[in-house]
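Chemist: The file below is data_35.txt, compact mmCIF, C-alpha atoms and all ligand atoms:
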# COMPACT_ATOMS: atom_id res chain seq x y z
CA MET V 189 -13.84 -21.35 -33.34
CA SER V 190 -16.59 -20.97 -30.77
CA GLU V 191 -14.37 -18.68 -28.68
CA SER V 192 -14.00 -16.07 -31.39
CA ARG V 193 -17.66 -16.40 -32.39
CA ILE V 194 -18.50 -15.38 -28.85
CA THR V 195 -15.88 -12.68 -28.29
CA ASP V 196 -16.48 -11.13 -31.73
CA ASN V 197 -20.03 -10.45 -30.69
CA LEU V 198 -19.17 -8.85 -27.35
CA PRO V 199 -18.18 -5.26 -26.64
CA PRO V 200 -14.35 -5.11 -26.45
CA GLU V 201 -14.24 -4.22 -22.73
CA ILE V 202 -16.22 -7.36 -21.98
CA ALA V 203 -14.43 -9.53 -24.55
CA SER V 204 -11.14 -8.77 -22.80
CA ARG V 205 -12.52 -10.36 -19.64
CA VAL V 206 -13.44 -13.68 -21.32
CA THR V 207 -11.20 -16.45 -20.00
CA GLY V 208 -13.05 -19.32 -21.64
CA SER V 209 -16.19 -20.21 -23.61
CA VAL V 210 -17.90 -23.13 -25.27
CA ILE V 211 -21.00 -23.67 -27.40
CA ASN V 212 -22.68 -26.99 -26.88
CA GLU V 213 -25.99 -27.95 -28.47
CA GLY V 214 -27.09 -24.35 -28.74
CA ARG V 215 -26.00 -23.36 -25.28
CA ALA V 216 -23.13 -20.91 -24.94
CA THR V 217 -21.16 -20.86 -21.70
CA VAL V 218 -19.01 -17.78 -21.24
CA VAL V 219 -16.46 -17.55 -18.43
CA LEU V 220 -15.56 -14.01 -17.38
CA ASP V 221 -12.94 -12.69 -15.01
CA VAL V 222 -14.76 -10.03 -13.00
CA ALA V 223 -12.04 -9.35 -10.43
CA GLY V 224 -12.25 -5.84 -9.03
CA LEU V 225 -15.86 -5.24 -10.15
CA GLY V 226 -18.69 -4.61 -7.74
CA GLU V 227 -22.02 -6.45 -7.72
CA ASP V 228 -23.81 -3.85 -9.87
CA SER V 229 -21.17 -3.96 -12.62
CA ARG V 230 -21.24 -7.74 -12.60
CA LEU V 231 -25.00 -7.83 -13.10
CA ALA V 232 -24.73 -5.25 -15.86
CA ILE V 233 -22.03 -7.28 -17.62
CA GLU V 234 -24.07 -10.45 -17.37
CA ALA V 235 -27.06 -8.74 -18.94
CA ASP V 236 -24.82 -7.24 -21.62
CA VAL V 237 -23.36 -10.63 -22.55
CA LYS V 238 -26.80 -12.18 -22.85
CA GLN V 239 -28.08 -9.32 -24.94
CA SER V 240 -25.02 -9.27 -27.22
CA LEU V 241 -25.23 -12.99 -27.93
CA ALA V 242 -28.98 -13.14 -28.42
CA GLY V 243 -29.63 -13.67 -32.10
CA VAL V 244 -26.17 -15.08 -32.92
CA PRO V 245 -26.81 -18.15 -35.11
CA ASP V 246 -26.65 -21.48 -33.25
CA ILE V 247 -26.86 -19.84 -29.85
CA ALA V 248 -30.21 -20.43 -28.25
CA ASP V 249 -29.24 -19.99 -24.65
CA VAL V 250 -26.43 -18.19 -22.79
CA ARG V 251 -24.90 -19.05 -19.44
CA VAL V 252 -22.46 -16.63 -17.82
CA VAL V 253 -19.92 -17.90 -15.29
CA MET V 254 -18.03 -15.28 -13.33
CA THR V 255 -14.70 -15.86 -11.64
CA ALA V 256 -12.73 -13.39 -9.61
CA GLU V 257 -9.16 -14.47 -9.32
CA ARG V 258 -7.98 -11.96 -6.81
CA LYS V 259 -4.65 -10.59 -7.80
CA GLY V 260 -4.38 -8.77 -4.52
CA PRO V 261 -2.99 -5.31 -3.92
CA MET V 262 0.51 -4.19 -4.88
CA ILE V 263 2.64 -4.07 -1.75
CA ILE V 264 5.05 -1.21 -1.23
CA ALA V 265 7.28 -1.24 1.86
CA ILE V 266 8.54 1.86 3.64
CA GLY V 267 11.79 1.09 5.40
CA SER V 268 14.56 2.77 7.31
CA GLY V 269 17.87 1.75 8.82
CA LYS V 270 16.85 2.85 12.29
CA GLY V 271 13.85 4.00 14.29
CA GLY V 272 12.73 7.55 14.92
CA VAL V 273 13.54 8.87 11.45
CA GLY V 274 9.90 9.39 10.50
CA LYS V 275 9.02 6.18 8.71
CA SER V 276 5.55 5.97 10.22
CA THR V 277 4.92 9.66 9.62
CA LEU V 278 5.92 9.33 5.98
CA THR V 279 3.91 6.13 5.44
CA ALA V 280 0.70 7.64 6.83
CA ASN V 281 1.06 10.87 4.90
CA LEU V 282 1.91 9.12 1.63
CA ALA V 283 -1.13 6.87 2.06
CA ILE V 284 -3.37 9.89 2.65
CA ALA V 285 -1.84 11.79 -0.27
CA LEU V 286 -2.35 8.79 -2.59
CA ALA V 287 -5.94 8.43 -1.38
CA ARG V 288 -6.53 12.12 -2.18
CA LYS V 289 -5.37 11.35 -5.73
CA GLY V 290 -8.03 8.66 -5.97
CA VAL V 291 -5.76 5.66 -5.41
CA LYS V 292 -7.43 3.04 -3.22
CA VAL V 293 -4.76 2.46 -0.62
CA GLY V 294 -4.51 0.39 2.53
CA LEU V 295 -1.84 0.68 5.20
CA VAL V 296 -0.30 -2.07 7.31
CA ASP V 297 1.62 -1.05 10.40
CA ALA V 298 4.20 -3.82 10.53
CA ASP V 299 6.18 -2.25 13.32
CA ILE V 300 4.74 -4.79 15.70
CA TYR V 301 7.11 -3.81 18.52
CA GLY V 302 6.35 -0.11 18.30
CA PRO V 303 3.14 0.47 16.38
CA SER V 304 2.29 4.12 15.87
CA GLN V 305 -0.37 4.21 13.14
CA PRO V 306 -3.32 3.97 15.57
CA VAL V 307 -2.21 7.31 17.04
CA ILE V 308 -1.48 8.93 13.68
CA PHE V 309 -4.92 7.91 12.34
CA GLY V 310 -6.68 8.59 15.62
CA THR V 311 -7.96 5.00 15.88
CA GLN V 312 -6.20 3.86 19.05
CA GLY V 313 -8.40 1.72 21.24
CA GLN V 314 -10.51 0.53 18.28
CA ARG V 315 -10.74 -3.20 17.73
CA PRO V 316 -11.18 -4.50 14.19
CA ASP V 317 -14.01 -6.94 13.55
CA ALA V 318 -13.09 -10.31 12.09
CA ARG V 319 -14.66 -12.58 9.49
CA ASP V 320 -13.45 -16.15 8.91
CA ASN V 321 -10.73 -15.48 11.48
CA LYS V 322 -9.32 -12.64 9.44
CA PRO V 323 -9.40 -9.05 10.66
CA ILE V 324 -11.38 -6.43 8.78
CA PRO V 325 -9.21 -3.31 8.38
CA LEU V 326 -10.37 -0.14 10.09
CA ALA V 327 -11.64 2.75 8.03
CA SER V 328 -10.34 6.25 8.68
CA LYS V 329 -11.68 9.66 7.88
CA TYR V 330 -8.83 10.07 5.40
CA GLY V 331 -10.05 7.30 3.08
CA VAL V 332 -7.20 4.99 4.11
CA ASP V 333 -8.13 1.60 5.56
CA HIS V 334 -5.46 0.46 7.96
CA LEU V 335 -4.49 -2.24 10.37
CA SER V 336 -1.87 -2.33 13.08
CA MET V 337 -0.70 -4.81 15.68
CA GLY V 338 -1.57 -1.96 18.02
CA HIS V 339 -5.22 -2.68 17.22
CA LEU V 340 -4.90 -6.40 17.89
CA VAL V 341 -2.75 -6.94 20.98
CA ALA V 342 -2.19 -5.12 24.24
CA PRO V 343 0.69 -2.62 24.16
CA GLY V 344 4.03 -4.30 24.79
CA LYS V 345 2.67 -7.83 24.36
CA ALA V 346 4.43 -8.44 21.06
CA LEU V 347 7.82 -7.62 22.58
CA ALA V 348 8.64 -11.23 23.36
CA TRP V 349 7.83 -12.49 19.86
CA ARG V 350 10.63 -14.06 17.86
CA GLY V 351 11.03 -13.84 14.10
CA PRO V 352 8.60 -16.53 12.91
CA MET V 353 5.84 -15.32 15.22
CA ALA V 354 6.38 -11.76 14.17
CA ALA V 355 6.23 -12.75 10.50
CA GLY V 356 3.09 -14.81 11.19
CA ALA V 357 1.45 -11.85 12.86
CA LEU V 358 2.35 -9.63 9.95
CA GLY V 359 0.83 -12.20 7.59
CA GLN V 360 -2.48 -11.80 9.41
CA LEU V 361 -2.41 -8.08 8.78
CA ILE V 362 -1.44 -8.36 5.12
CA GLU V 363 -3.91 -11.14 4.36
CA ALA V 364 -6.77 -9.37 6.12
CA HIS V 365 -10.06 -8.51 4.40
CA TRP V 366 -8.81 -5.55 2.36
CA SER V 367 -11.60 -4.33 0.14
CA GLU V 368 -11.42 -5.86 -3.31
CA ASP V 369 -10.58 -2.59 -5.02
CA THR V 370 -7.53 -1.96 -2.81
CA HIS V 371 -4.80 -1.19 -5.32
CA ILE V 372 -1.85 -0.40 -3.06
CA LEU V 373 -0.87 -1.68 0.35
CA LEU V 374 1.75 0.48 2.04
CA ILE V 375 3.71 -1.33 4.72
CA ASP V 376 5.28 0.61 7.57
CA LEU V 377 8.17 -1.76 8.30
CA PRO V 378 9.88 -2.09 11.66
CA PRO V 379 13.17 -0.15 11.79
CA GLY V 380 16.45 -1.85 11.04
CA THR V 381 17.71 -4.69 8.94
CA GLY V 382 17.44 -7.77 11.13
CA ASP V 383 16.15 -11.25 10.37
CA VAL V 384 12.58 -10.28 11.11
CA GLN V 385 12.66 -7.62 8.42
CA LEU V 386 14.36 -9.95 5.95
CA THR V 387 11.80 -12.70 6.56
CA MET V 388 8.96 -10.24 6.14
CA VAL V 389 10.31 -8.82 2.94
CA GLN V 390 11.07 -12.24 1.47
CA LYS V 391 7.75 -13.72 2.47
CA PHE V 392 5.50 -10.92 1.29
CA LYS V 393 7.65 -9.78 -1.63
CA PRO V 394 6.84 -6.08 -1.98
CA ALA V 395 6.80 -4.69 -5.52
CA GLY V 396 9.12 -1.95 -4.32
CA ALA V 397 10.48 -0.14 -1.28
CA VAL V 398 10.92 3.48 -0.23
CA LEU V 399 13.78 4.26 2.15
CA VAL V 400 13.59 7.07 4.67
CA SER V 401 16.61 8.67 6.29
CA THR V 402 17.51 11.79 8.20
CA PRO V 403 20.38 13.83 6.78
CA GLN V 404 22.98 12.72 9.33
CA ASP V 405 25.70 10.39 8.16
CA LEU V 406 24.99 7.77 10.77
CA ALA V 407 21.41 7.41 9.65
CA LEU V 408 22.62 7.31 6.06
CA ILE V 409 24.90 4.38 6.73
CA ASP V 410 21.92 2.58 8.23
CA ALA V 411 19.76 3.47 5.27
CA ALA V 412 22.39 2.04 2.92
CA ARG V 413 22.24 -1.17 4.93
CA ALA V 414 18.46 -1.22 4.61
CA GLY V 415 18.97 -0.89 0.87
CA GLN V 416 21.07 -4.04 0.92
CA LEU V 417 18.26 -5.84 2.73
CA PHE V 418 15.91 -5.12 -0.16
CA ASP V 419 18.57 -6.06 -2.69
CA THR V 420 19.04 -9.41 -0.96
CA ALA V 421 15.31 -10.04 -1.16
CA GLY V 422 15.12 -8.91 -4.80
CA VAL V 423 12.90 -5.92 -4.00
CA PRO V 424 13.63 -2.82 -6.09
CA VAL V 425 14.23 0.40 -4.16
CA ILE V 426 11.85 3.02 -5.56
CA GLY V 427 13.87 5.82 -4.01
CA LEU V 428 15.11 7.66 -0.93
CA VAL V 429 13.35 10.34 1.12
CA GLU V 430 15.12 12.83 3.37
CA ASN V 431 13.06 13.53 6.48
CA MET V 432 13.78 16.16 9.14
CA SER V 433 15.60 18.03 6.45
CA GLY V 434 16.22 21.49 7.87
CA TYR V 435 14.24 22.97 10.75
CA ALA V 436 11.22 25.05 9.80
CA CYS V 437 10.91 27.56 12.66
CA PRO V 438 7.23 28.17 13.45
CA HIS V 439 8.04 31.62 14.91
CA CYS V 440 10.26 33.28 12.36
CA GLY V 441 9.41 31.14 9.32
CA GLU V 442 13.11 30.61 8.59
CA THR V 443 14.54 27.18 7.88
CA SER V 444 17.82 26.24 9.51
CA ASP V 445 19.86 23.06 9.27
CA PRO V 446 20.57 21.48 12.68
CA PHE V 447 21.40 18.11 11.09
CA GLY V 448 22.51 19.46 7.75
CA SER V 449 20.43 18.78 4.68
CA GLY V 450 20.98 17.36 1.23
CA GLY V 451 22.87 14.35 2.62
CA VAL V 452 20.26 11.88 1.50
CA GLU V 453 20.12 13.25 -2.02
CA ALA V 454 23.91 12.94 -2.23
CA ALA V 455 23.70 9.39 -0.86
CA ALA V 456 21.00 8.53 -3.40
CA GLY V 457 23.39 9.70 -6.09
CA ARG V 458 26.20 7.53 -4.74
CA LEU V 459 23.90 4.53 -4.43
CA GLU V 460 22.47 5.24 -7.90
CA LEU V 461 18.95 5.36 -6.51
CA PRO V 462 16.24 7.92 -7.26
CA PHE V 463 15.80 10.76 -4.75
CA LEU V 464 12.08 11.29 -4.06
CA GLY V 465 12.16 14.48 -1.99
CA ARG V 466 12.64 16.05 1.41
CA ILE V 467 10.39 16.86 4.35
CA PRO V 468 11.46 19.58 6.81
CA LEU V 469 11.57 19.10 10.54
CA ALA V 470 8.51 21.04 11.59
CA MET V 471 6.59 21.40 14.79
CA ASP V 472 3.19 21.05 13.14
CA ILE V 473 4.18 17.76 11.48
CA ARG V 474 4.84 16.30 14.92
CA GLN V 475 1.77 17.88 16.47
CA GLY V 476 -0.48 16.77 13.61
CA SER V 477 0.78 13.19 13.88
CA ASP V 478 0.20 13.07 17.61
CA ALA V 479 -3.28 14.55 17.25
CA GLY V 480 -4.47 12.15 14.54
CA GLU V 481 -4.43 15.00 11.99
CA PRO V 482 -1.63 14.15 9.53
CA PRO V 483 -0.49 17.16 7.50
CA ALA V 484 -1.10 15.54 4.09
CA ALA V 485 -4.82 15.51 4.89
CA GLY V 486 -4.91 19.30 5.01
CA ASP V 487 -3.51 22.15 2.97
CA GLY V 488 -1.04 23.54 5.50
CA ALA V 489 2.56 24.54 4.88
CA HIS V 490 3.92 20.99 4.84
CA ALA V 491 1.21 19.15 2.91
CA GLY V 492 2.92 19.92 -0.40
CA ALA V 493 6.14 18.14 0.50
CA PHE V 494 4.27 14.90 1.10
CA HIS V 495 2.10 15.34 -1.98
CA ALA V 496 5.15 15.87 -4.20
CA ILE V 497 6.64 12.58 -3.02
CA ALA V 498 3.27 10.82 -3.42
CA GLU V 499 3.14 12.11 -6.99
CA LYS V 500 6.45 10.39 -7.79
CA LEU V 501 5.27 7.23 -6.10
CA ALA V 502 2.01 7.32 -8.08
CA THR V 503 4.01 7.59 -11.30
CA TRP V 504 6.15 4.60 -10.32
CA ILE V 505 2.97 2.64 -9.47
CA SER V 506 1.15 3.50 -12.68
CA GLU V 507 4.14 2.41 -14.76
CA ARG V 508 3.84 -1.01 -13.16
CA SER V 509 0.07 -1.50 -12.96
N1 LIG O 1 9.37 15.97 9.55
C1 LIG O 1 9.08 15.90 10.83
N2 LIG O 1 8.96 17.02 11.59
C2 LIG O 1 8.67 16.96 12.90
N3 LIG O 1 8.49 15.83 13.58
C3 LIG O 1 8.59 14.67 12.89
C4 LIG O 1 8.89 14.64 11.50
N4 LIG O 1 8.91 13.35 11.10
C5 LIG O 1 8.64 12.62 12.19
N5 LIG O 1 8.46 13.40 13.27
C6 LIG O 1 8.19 12.99 14.66
O1 LIG O 1 9.31 12.22 15.09
C7 LIG O 1 8.88 11.10 15.86
C8 LIG O 1 9.35 9.81 15.18
O2 LIG O 1 8.70 9.71 13.92
P1 LIG O 1 8.10 8.31 13.43
O3 LIG O 1 7.40 8.58 12.15
O4 LIG O 1 7.34 7.66 14.51
O5 LIG O 1 9.47 7.53 13.15
P2 LIG O 1 9.75 5.98 12.89
O6 LIG O 1 8.50 5.36 12.42
O7 LIG O 1 10.83 5.98 11.87
O8 LIG O 1 10.22 5.43 14.20
C9 LIG O 1 7.37 11.23 15.97
O9 LIG O 1 7.05 11.90 17.15
C10 LIG O 1 6.99 12.08 14.77
O10 LIG O 1 5.81 12.84 14.99
MG MG O 2 7.38 3.84 13.32
Translate this structure into structure tokens?
Ligand SMILES: Nc1ncnc2c1ncn2[C@@H]1O[C@H](COP(=O)(O)OP(=O)(O)O)[C@@H](O)[C@H]1O
Ligand SMILES: [Mg+2]

Modeler:
Amino acid sequence: MSESRITDNLPPEIASRVTGSVINEGRATVVLDVAGLGEDSRLAIEADVKQSLAGVPDIADVRVVMTAERKGPMIIAIGSGKGGVGKSTLTANLAIALARKGVKVGLVDADIYGPSQPVIFGTQGQRPDARDNKPIPLASKYGVDHLSMGHLVAPGKALAWRGPMAAGALGQLIEAHWSEDTHILLIDLPPGTGDVQLTMVQKFKPAGAVLVSTPQDLALIDAARAGQLFDTAGVPVIGLVENMSGYACPHCGETSDPFGSGGVEAAAGRLELPFLGRIPLAMDIRQGSDAGEPPAAGDGAHAGAFHAIAEKLATWISERS
């Protein structure tokens, strides 16, 4: 009875946050879940609860208890069958494109043997601060907080790590101090489908995975294998992306097809997986990545390709949030 007497007198957006309440000898205790709210909103809600319940019969005094059960961000993994197909490039540009849409997104560079996000974000050489032994992700000028093994250990040092150590190291990155409003954590997985990848995927259970491949058949076979990895771990594949799809010549503006194109879309059809889009092989994509100026951050010729894929990803995310 007391529960409804309290919630009936609260504005609906606050009532929906009530996880418990009791009235005892004139004193009402209201427990609210305030996860995701900042300090100012919490104070405002507390004042609102007190004001709304003032004057309700039998309530002389109101105590507000706030809890913030952190649900944590939704993890989305970006995988590929092999290295060098543009997984890191895609991950960084999708993160930036999502951030430009207003999604609070963090990025974990899980390619502990060959981290490349510090270069792409222009944060190489920076060292994250730590609190309670957990790293604090680095900010970037693109609105994407990120963390890479490349920020934590000397180059090449992780090479000797075996599976459990690698997974442990990844855990440190994923369980870092991401800001409370971080909605999505994109994970740039190491290439391939070995035990390390399987352990990672099983342990951290992404909500979904995006697979990147180049158009060549060999890469496609590898991508299909990566798909099986996610299947084994019960992680749904959100879709496939074709990278280095046709060569966009910076001189003549023509696009040619050194590796063929369309192969990934055909493979997606065969595998009955969604096709998310294609990114051309373009000089300025490579140059932008190396210079810490990813194309999705600007409005150049190739920004749109990344934004179109991010749009599909955002739709997938919003259907599951
Ligand atoms: N669409 C593209 N056009 C031109 N260069 C690209 C493209 N995608 C990736 N690259 C370049 O290819 C190299 C490998 O890409 P990277 O994203 O590091 O691959 P992976 O993470 O799969 O190993 C990098 O130098 C990157 O800048
Ligand atoms: Mg990479």

Chemist: Give the residues close to ligand MG 2 (chain O), within 8 Å, counting only C-alpha atoms and all ligand atoms; write them as a list in words.

Modeler: Gly271, Gly272, Gly274, Lys275, Ser276, Thr277, Asp299, Gly302, Pro303, Ser304, Gln305, Asp376, Leu377, Pro378 and Pro379 of chain V

Chemist: Output C-alpha atoms for every residue in the selection just made, as a PDB file, in the coordinates of the input.

Modeler:
ATOM      1  CA  GLY V 271      13.850   4.000  14.290  1.00  0.00           C
ATOM      2  CA  GLY V 272      12.730   7.550  14.920  1.00  0.00           C
ATOM      3  CA  GLY V 274       9.900   9.390  10.500  1.00  0.00           C
ATOM      4  CA  LYS V 275       9.020   6.180   8.710  1.00  0.00           C
ATOM      5  CA  SER V 276       5.550   5.970  10.220  1.00  0.00           C
ATOM      6  CA  THR V 277       4.920   9.660   9.620  1.00  0.00           C
ATOM      7  CA  ASP V 299       6.180  -2.250  13.320  1.00  0.00           C
ATOM      8  CA  GLY V 302       6.350  -0.110  18.300  1.00  0.00           C
ATOM      9  CA  PRO V 303       3.140   0.470  16.380  1.00  0.00           C
ATOM     10  CA  SER V 304       2.290   4.120  15.870  1.00  0.00           C
ATOM     11  CA  GLN V 305      -0.370   4.210  13.140  1.00  0.00           C
ATOM     12  CA  ASP V 376       5.280   0.610   7.570  1.00  0.00           C
ATOM     13  CA  LEU V 377       8.170  -1.760   8.300  1.00  0.00           C
ATOM     14  CA  PRO V 378       9.880  -2.090  11.660  1.00  0.00           C
ATOM     15  CA  PRO V 379      13.170  -0.150  11.790  1.00  0.00           C
TER      16      PRO V 379
END

Chemist: Hey, which residues come within 10 Å of ligand LIG 1 (chain O) if we count only C-alpha atoms and all ligand atoms? Could you give them as a PyMOL selection string?

Modeler: chain V and resi 266-281+297+299+302-305+307-308+376-380+400-402+430-436+466-479+482+490+493-494

Chemist: Given the choices V:Val237, V:Leu464, V:Ala327, V:Leu428, which gets closest to Ala203 of chain V if the distance is worked out from only C-alpha atoms?

Modeler: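 Distance minimum relative to Ala203 of chain V lands on V:Val237.
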
Chemist: Which residue is closest to Leu373 of chain V? Choose from V:Glu227, V:Asp333, V:Asp410, V:Glu453 and count all atoms listed in the file.

Modeler: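 Under the stated criterion, the closest residue is V:Asp333.
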
Chemist: Find the residues around Arg458 of chain V up to 12 Å (all atoms listed in the file counted), leave out those fewer than 6 positions away in its own chain, and share them as a ChimeraX atom specification.

Modeler: /V:408-409,412,428,451-452

Chemist: Given the choices V:Leu282, V:Ala265, V:Ala298, V:Cys440, which gets closest to Gly396 of chain V if the distance is worked out from all atoms listed in the file?

Modeler: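 Among V:Leu282, V:Ala265, V:Ala298, V:Cys440, it is V:Ala265 that comes nearest to Gly396 of chain V.
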
Chemist: In terms of the shortest atom-to-atom distance over only C-alpha atoms, which of V:Leu406, V:Leu361, V:Leu417, V:Ile202 is closest to Val384 of chain V?

Modeler: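 Counting only C-alpha atoms, the residue closest to Val384 of chain V is V:Leu417.
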
Chemist: Between V:Pro446, V:Gly382, V:Pro261, V:Gly294, which is the closest to Tyr330 of chain V once you count only C-alpha atoms?

Modeler: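 Result for the nearest residue to Tyr330 of chain V: V:Gly294.
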
Chemist: Mind rebuilding segment 340-354 of chain V with N, CA, C and O atoms and writing that out as an mmCIF file, in the coordinates of the input?

Modeler:
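Below is the file out_33.cif, written as the result:
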data_model
loop_
_atom_site.group_PDB
_atom_site.id
_atom_site.type_symbol
_atom_site.label_atom_id
_atom_site.label_comp_id
_atom_site.auth_asym_id
_atom_site.auth_seq_id
_atom_site.Cartn_x
_atom_site.Cartn_y
_atom_site.Cartn_z
ATOM 1 N N LEU V 340 -4.578 -4.990 17.641
ATOM 2 C CA LEU V 340 -4.900 -6.400 17.890
ATOM 3 C C LEU V 340 -4.394 -6.925 19.235
ATOM 4 O O LEU V 340 -5.008 -7.805 19.814
ATOM 5 N N VAL V 341 -3.272 -6.426 19.706
ATOM 6 C CA VAL V 341 -2.750 -6.940 20.980
ATOM 7 C C VAL V 341 -2.483 -5.786 21.940
ATOM 8 O O VAL V 341 -2.309 -4.642 21.526
ATOM 9 N N ALA V 342 -2.442 -6.144 23.226
ATOM 10 C CA ALA V 342 -2.190 -5.120 24.240
ATOM 11 C C ALA V 342 -0.792 -4.541 24.029
ATOM 12 O O ALA V 342 0.112 -5.247 23.584
ATOM 13 N N PRO V 343 -0.623 -3.249 24.352
ATOM 14 C CA PRO V 343 0.690 -2.620 24.160
ATOM 15 C C PRO V 343 1.787 -3.417 24.868
ATOM 16 O O PRO V 343 1.605 -3.847 25.992
ATOM 17 N N GLY V 344 2.890 -3.628 24.174
ATOM 18 C CA GLY V 344 4.030 -4.300 24.790
ATOM 19 C C GLY V 344 3.976 -5.821 24.693
ATOM 20 O O GLY V 344 4.961 -6.502 24.886
ATOM 21 N N LYS V 345 2.811 -6.370 24.346
ATOM 22 C CA LYS V 345 2.670 -7.830 24.360
ATOM 23 C C LYS V 345 3.507 -8.503 23.269
ATOM 24 O O LYS V 345 3.969 -9.642 23.452
ATOM 25 N N ALA V 346 3.695 -7.824 22.170
ATOM 26 C CA ALA V 346 4.430 -8.440 21.060
ATOM 27 C C ALA V 346 5.934 -8.460 21.306
ATOM 28 O O ALA V 346 6.678 -9.115 20.577
ATOM 29 N N LEU V 347 6.371 -7.785 22.375
ATOM 30 C CA LEU V 347 7.820 -7.620 22.580
ATOM 31 C C LEU V 347 8.580 -8.927 22.645
ATOM 32 O O LEU V 347 9.737 -8.997 22.246
ATOM 33 N N ALA V 348 7.934 -9.970 23.163
ATOM 34 C CA ALA V 348 8.640 -11.230 23.360
ATOM 35 C C ALA V 348 8.638 -12.104 22.099
ATOM 36 O O ALA V 348 9.235 -13.165 22.087
ATOM 37 N N TRP V 349 7.952 -11.648 21.049
ATOM 38 C CA TRP V 349 7.830 -12.490 19.860
ATOM 39 C C TRP V 349 9.142 -12.618 19.113
ATOM 40 O O TRP V 349 9.846 -11.645 18.886
ATOM 41 N N ARG V 350 9.432 -13.825 18.685
ATOM 42 C CA ARG V 350 10.630 -14.060 17.860
ATOM 43 C C ARG V 350 10.225 -13.930 16.385
ATOM 44 O O ARG V 350 9.047 -13.815 16.055
ATOM 45 N N GLY V 351 11.236 -14.051 15.537
ATOM 46 C CA GLY V 351 11.030 -13.840 14.100
ATOM 47 C C GLY V 351 9.818 -14.506 13.483
ATOM 48 O O GLY V 351 8.972 -13.826 12.900
ATOM 49 N N PRO V 352 9.703 -15.860 13.608
ATOM 50 C CA PRO V 352 8.600 -16.530 12.910
ATOM 51 C C PRO V 352 7.237 -16.051 13.407
ATOM 52 O O PRO V 352 6.304 -15.876 12.620
ATOM 53 N N MET V 353 7.117 -15.791 14.703
ATOM 54 C CA MET V 353 5.840 -15.320 15.220
ATOM 55 C C MET V 353 5.528 -13.925 14.710
ATOM 56 O O MET V 353 4.382 -13.607 14.377
ATOM 57 N N ALA V 354 6.573 -13.125 14.651
ATOM 58 C CA ALA V 354 6.380 -11.760 14.170
ATOM 59 C C ALA V 354 5.942 -11.790 12.708
ATOM 60 O O ALA V 354 5.013 -11.085 12.309
#
